[in-house]
Amino acid sequence: MQQVGVLKIGRRDARRVLVLLGGREGGAGVFRHTAHTLAADADDLQVWAVDRREQNLADLTAFADGPEQATEYYLGGHYQVQDPAQSLFAAQWGLEVLLEDVRRVVQEAADGGRRDVVLGGVSVGGSEALLYAAWDFDGTPGYRDLAGLAVVDGGVLNAYSGAGMEFDLPLEAAKGWLAAIESGAVFEDFTSTTTGLGARPESAAVWFQLAAQHALADPDGPAALADRLPEAFRTEGKLTNAGLFGRLVDAAHAHPSYSVHAGHLDDSGAWTDGGHTRLRTVAEAFAGPRPGAWTWYTLNRVMLDLVAAIGFEETELTRLLGLRLAHGAAIDVPLYTFQSGLTNGTTGQAAATVTAGSRIPELSLHSDAALTHQDIVYARREDNRFLQTLSQFLRGLPRRDR
């Protein structure tokens with residue numbers, strides 16, 4: 001339960017490794033397309049994507065058996081549900097535990113100093129990358145492990161305010177949140193309830209993975225899940241398997257944080273490709289079985305710590321929670337930042353503020369408002385300014401002095 005998974009793509013003898021962290025619910029599988037594209041662009045780059053330790057709590061067994069068997073296993077209620085009352089050990093898995101896990105991955109990637117490591121992330125994964133750089137690991141600043149940082153559609157300070165997410169956590173409210181976690185509110189259900197796919201923490205992940213498997217196995221066949229979806233997602237017309245999955249992720253219907261521009265439904269209920277992203281690329285990420293694109297059990301303690309650390313400095317609240325943000329002003333590695341249309345420019349504004357308050361020698365800031373939050377990791381390279389500019393940034397990084 002205390003191990004993390006790592007998806008590794010690219011040459012093992014590469015001199016540089018990009019380690020990527022997913023968003024709020026992002027599993028390693030979300031980066032399949034990103035990793036393959038970036039590794040193909042550079043002979044000296046390997047890409048690692050991290051599956052956080054909490055993904056070990058998910059019962060992913062039946063996804064290896066095919067879509068029909070998986071459907072009966074999960075929708076029939078046969079899978080192992082993680083009971084919060086039996087999971088109080090995970091109440092202590094906060095930002096400190098997460099960053100210690102990430103540091104072990106970073107140090108393995110560095111291979112004793114033989115390779116440079118760039119740490120990056122999307123959404124709250126970008127927040128975690130910056131916090132890693134500022135963290136004090138028993139006297140060693142996190143940024144000293146790194147040759148660069150890559151923050152995508154996220155960060156600290158006001159990075160999320162353009163998307164309507166403002167964070168203000170008074171000390172007493174934080175104490176109440178912490179007490180609730182320690183009393184059993186270990187997991188959150190934000191993604192499932194926001195997408196409307198259920199009330200359990202794992203509900204959205206299960207539906208998306210099942211729909212992706214059917215879409216890959218029989219894209220033009222009648223939608224096997226159509227009559228079993230929650231009422232809000234049912235349609236009067238017929239759908240194909242690809243049509244159903246496309247509707248789940250289509251920017252015209254889905255929540256902005258979980259959607260892509262991949263095409264549209266035609267009059268027969270089939271999916272017609274179009275836009276920046278191929279639907280098959282998204283389905284391949286979600287289908288798994290390991291690693292999948294979404295983490296089943298997002299930890300409330302991590303979210304508490306991330307909100308508490310949003311100011312990127314030590315405060316009474318961060319000290320209460322044991323968050324060791326001692327080195328933000330000393331960070332001295334180049335910073336790449338990309339923003340989609342989600343945050344309306346505040347990701348870049350926050351990155352500029354971090355840069356101005358530190359020793360970061362270079363901020364490489366790029367934007368494309370036409371991309372959704374999820375298009376960033378799934379869109380075709382030719383339509384994906386993120387992949388193009390990150391590849392350039394990585395190629396131009398100087399060798400890190402040890």
# chains A, B, ... in the order shown; residues from 1 in each chain; ligands from 1
>>> residues_around(residues="Thr193 (chain A)", least_positions_apart="4", cutoff="12 Å", atoms="only C-alpha atoms", output="PyMOL selection string")
chain A and resi 188-189+197-205+230+255
>>> select_by_dssp(residues="region 208-347 of chain A", states="alpha helix (DSSP H)", output="MDAnalysis selection string")
chainID A and resid 208:217 241:249 279:287 300:308 316:321 346:347
>>> residues_around(residues="region 345-358 of chain A", least_positions_apart="2", cutoff="7 Å", atoms="only C-alpha atoms", output="PyMOL selection string")
chain A and resi 153-162+328-331+337+339+343+360+363+365
>>> atom_distance(atom1="CA of Thr71 (chain A)", atom2="CA of Ser268 (chain A)")
24.1 Å
>>> atom_distance(atom1="CA of Arg53 (chain A)", atom2="CA of Ala14 (chain A)")
26.1 Å
>>> closest_residue(among="A:Ala379, A:Leu88, A:Met303, A:Leu7", to="Ala262 (chain A)", atoms="only C-alpha atoms")
A:Ala379
>>> residues_around(residues="Asp383 (chain A)", least_positions_apart="6", cutoff="10 Å", atoms="only C-alpha atoms", output="number ranges by chain")
A: 275-277, 370-371, 375-376
>>> write_last_selection(atoms="all heavy atoms", output="tab-separated table (two decimals), in the first residue's frame")
chain	number	residue	atom	x	y	z
A	275	GLY	N	-11.76	18.27	-34.24
A	275	GLY	CA	-11.18	19.01	-33.12
A	275	GLY	C	-9.72	18.66	-32.91
A	275	GLY	O	-9.07	18.02	-33.74
A	276	HIS	N	-9.20	19.07	-31.75
A	276	HIS	CA	-7.77	18.93	-31.47
A	276	HIS	C	-7.37	17.51	-31.06
A	276	HIS	O	-6.21	17.11	-31.20
A	276	HIS	CB	-7.37	19.87	-30.32
A	276	HIS	CG	-7.86	21.28	-30.49
A	276	HIS	ND1	-7.46	22.09	-31.53
A	276	HIS	CD2	-8.72	22.02	-29.74
A	276	HIS	CE1	-8.06	23.26	-31.41
A	276	HIS	NE2	-8.83	23.24	-30.34
A	277	THR	N	-8.33	16.76	-30.52
A	277	THR	CA	-8.03	15.49	-29.86
A	277	THR	C	-8.76	14.35	-30.56
A	277	THR	O	-9.93	14.49	-30.94
A	277	THR	CB	-8.47	15.56	-28.38
A	277	THR	OG1	-7.67	16.55	-27.71
A	277	THR	CG2	-8.29	14.23	-27.68
A	370	ALA	N	-7.63	27.90	-26.88
A	370	ALA	CA	-8.51	27.00	-27.63
A	370	ALA	C	-8.49	25.59	-27.08
A	370	ALA	O	-9.37	24.78	-27.40
A	370	ALA	CB	-8.11	26.99	-29.10
A	371	LEU	N	-7.50	25.25	-26.27
A	371	LEU	CA	-7.40	23.93	-25.67
A	371	LEU	C	-8.16	23.88	-24.36
A	371	LEU	O	-8.12	24.83	-23.58
A	371	LEU	CB	-5.94	23.54	-25.41
A	371	LEU	CG	-5.02	23.39	-26.62
A	371	LEU	CD1	-3.61	23.04	-26.16
A	371	LEU	CD2	-5.53	22.33	-27.59
A	375	ASP	N	-7.57	18.64	-23.13
A	375	ASP	CA	-6.92	18.66	-24.44
A	375	ASP	C	-5.40	18.75	-24.30
A	375	ASP	O	-4.66	18.23	-25.13
A	375	ASP	CB	-7.39	19.86	-25.27
A	375	ASP	CG	-8.72	19.65	-25.96
A	375	ASP	OD1	-9.03	18.50	-26.32
A	375	ASP	OD2	-9.44	20.65	-26.16
A	376	ILE	N	-4.94	19.42	-23.27
A	376	ILE	CA	-3.51	19.62	-23.08
A	376	ILE	C	-2.76	18.30	-23.16
A	376	ILE	O	-1.73	18.20	-23.83
A	376	ILE	CB	-3.24	20.30	-21.72
A	376	ILE	CG1	-3.72	21.74	-21.75
A	376	ILE	CG2	-1.76	20.24	-21.37
A	376	ILE	CD1	-3.63	22.43	-20.41
>>> select_by_dssp(residues="region 129-368 of chain A", states="strand (DSSP E)", output="number ranges by chain")
A: 136-137, 140-141, 148-152, 263-265, 271-273, 335-339, 363-367
>>> closest_residue(among="A:Gly396, A:Gly29, A:Pro84, A:Gly164", to="Ile181 (chain A)", atoms="only C-alpha atoms")
A:Pro84
>>> atom_distance(atom1="CA of Leu57 (chain A)", atom2="CA of Lys175 (chain A)")
26.2 Å
>>> residues_around(residues="region 94-111 of chain A", least_positions_apart="6", cutoff="8 Å", atoms="only C-alpha atoms", output="list of chain:residue names")
A:Gln3, A:Val4, A:Val17, A:Val19, A:Val50, A:Arg52, A:Val117, A:Leu119, A:Glu128, A:Tyr132, A:Asp145, A:Leu299, A:Arg301, A:Val302, A:Met303, A:Asp305, A:Leu306, A:Gly322, A:Leu323
>>> closest_residue(among="A:Trp93, A:Trp177, A:Tyr336, A:Phe187", to="Ser391 (chain A)", atoms="only C-alpha atoms")
A:Tyr336
>>> closest_residue(among="A:Thr240, A:Thr195, A:Gln388, A:Thr298", to="Val124 (chain A)", atoms="only C-alpha atoms")
A:Thr298
>>> residues_around(residues="region 62-68 of chain A", least_positions_apart="5", cutoff="6 Å", atoms="only C-alpha atoms", output="ChimeraX atom specification")
/A:213-214,289
>>> closest_residue(among="A:Arg278, A:Arg24, A:Arg359, A:His366", to="Arg381 (chain A)", atoms="only C-alpha atoms")
A:Arg278
>>> residues_around(residues="region 20-22 of chain A", least_positions_apart="5", cutoff="7 Å", atoms="only C-alpha atoms", output="PyMOL selection string")
chain A and resi 27-28+48-50+119-122+125
